[in-house]
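For reference, the structure is listed below as structure tokens.
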Amino acid sequence: MKMVHVDRESLATSLTTALVDASVDECAAYEFSLDSREHIKKATERGLTHRYVKHSSEHTCYLITTRELGFFLNPREGRSKITWMKVDGKIVMDVSDTKDVADEDPSKEGNVLVSAHAVWIFERLDPVGEIPQTAVTFTT
């Protein structure tokens, strides 16, 4: 994992790559299936107080979340559009800011809107025996 932070700025970027014992499709489906019980449970455990998911197509969904940080800080709100596609045998997933569903799930007064852009790349590797291998790269 590599990370760069600019001093005195609220800006950081990172690049992470991991090897996963699963197929490309399984890895991408795990990240994209935001309605699963496991994702909902983890979201609650990680301090999310509000969660809104809207699937607009098989390849695109919207995720709006609010997280309580405590320490007298205002809640942080993220509004993301997640789109995936297959490119040369890889699956690329783009997570970017959006205001597309603001009418359906409006911002709460006092929330601080956070901004982020991330890209996931799931790339098939040669299997080890019968176990599929995937290189997963995440950058933000």
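To be explicit about the labels: the chains of the structure tokens are called A, B, and onward in the order shown, and within each one the residues are counted from 1, while ligands get numbers from 1 in the order they are shown.
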Within 10 Å of Glu104 of chain A, counting only C-alpha atoms, which residues show up once you throw out same-chain ones fewer than 3 positions away? Write them as a PyMOL selection string, please. chain A and resi 52+54+100-101+107
How many Å separate atom CA of Glu31 of chain A from atom CA of Glu77 of chain A?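 Rounded to one decimal, the two atoms are 19.6 Å apart.
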Using only C-alpha atoms, can you tell me which of A:Met1, A:Val95, A:Val20, A:Ile82 comes closest to Pro127 of chain A? A:Val20
Which residue, A:Gly110, A:Gly47, A:Gly89, A:Gly129, has the smallest gap to Val24 of chain A when you use only C-alpha atoms?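 Among the listed residues, the smallest separation from Val24 of chain A belongs to A:Gly89.
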Contacts of Gly78 of chain A at 8 Å or less, counting only C-alpha atoms, minus same-chain residues fewer than 6 places along, as a list in words? Leu63, Ile64, Thr65, Thr66, Asp97, Leu113, Val114 and Ser115 of chain A
Which one of A:Asp126, A:Glu68, A:Glu58, A:Asp103 sits closest to Phe32 of chain A if you count only C-alpha atoms? A:Glu58
Skip Ser14 of chain A itself and residues of its chain fewer than 5 positions away, then list as a PyMOL selection string all residues within 9 Å of it, counting only C-alpha atoms. chain A and resi 1-5+138-140
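Using only C-alpha atoms, the nearest neighbour of Arg67 of chain A within the list A:Ile40, A:Val112, A:Val87, A:Ala102 is A:Val112.
Each of A:Leu15, A:Ile121, A:Cys27, A:Ala43 was compared to Ile91 of chain A using only C-alpha atoms, and A:Ile121 turns out to be the nearest.
Taking atom CA of Arg51 of chain A and atom CA of Tyr30 of chain A as endpoints, the distance between them is 17.4 Å.
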List every residue of segment 39-121 of chain A that DSSP, applied to the backbone of this structure, places in alpha helix (DSSP H), and write the result as a list in words. His39, Ile40, Lys41, Lys42, Ala43, Thr44 and Glu45 of chain A
Export C-alpha atoms of the chosen residues as a PDB file, in the first residue's frame?
```
ATOM      1  CA  HIS A  39     -22.594  -5.156   3.889  1.00  0.00           C
ATOM      2  CA  ILE A  40     -25.460  -3.779   5.974  1.00  0.00           C
ATOM      3  CA  LYS A  41     -24.067  -5.349   9.165  1.00  0.00           C
ATOM      4  CA  LYS A  42     -20.554  -4.020   8.511  1.00  0.00           C
ATOM      5  CA  ALA A  43     -21.920  -0.543   7.721  1.00  0.00           C
ATOM      6  CA  THR A  44     -23.671  -0.424  11.095  1.00  0.00           C
ATOM      7  CA  GLU A  45     -20.551  -1.686  12.903  1.00  0.00           C
TER       8      GLU A  45
END
```
List the neighbours of Thr83 of chain A out to 6 Å using only C-alpha atoms; skip same-chain residues closer than 3 positions along the sequence, and give me the result as a list in words. His59, Thr60, Met93 and Asp94 of chain A
If you count only C-alpha atoms, which residues fall within 7 Å of Leu125 of chain A, apart from same-chain ones fewer than 4 positions away, as a list in words?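 That gives Gln133, Thr134 and Ala135 of chain A.
Between atom CA of Thr137 of chain A and atom CA of Trp120 of chain A the interatomic distance comes to 5.7 Å.
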Calculated over only C-alpha atoms, which of the candidates A:Thr49, A:Ser57, A:Asn111, A:Ser23 has the smallest distance to Arg76 of chain A? A:Asn111
Residues of segment 3-118 of chain A in strand (DSSP E or B), written as a count of residues only: 51
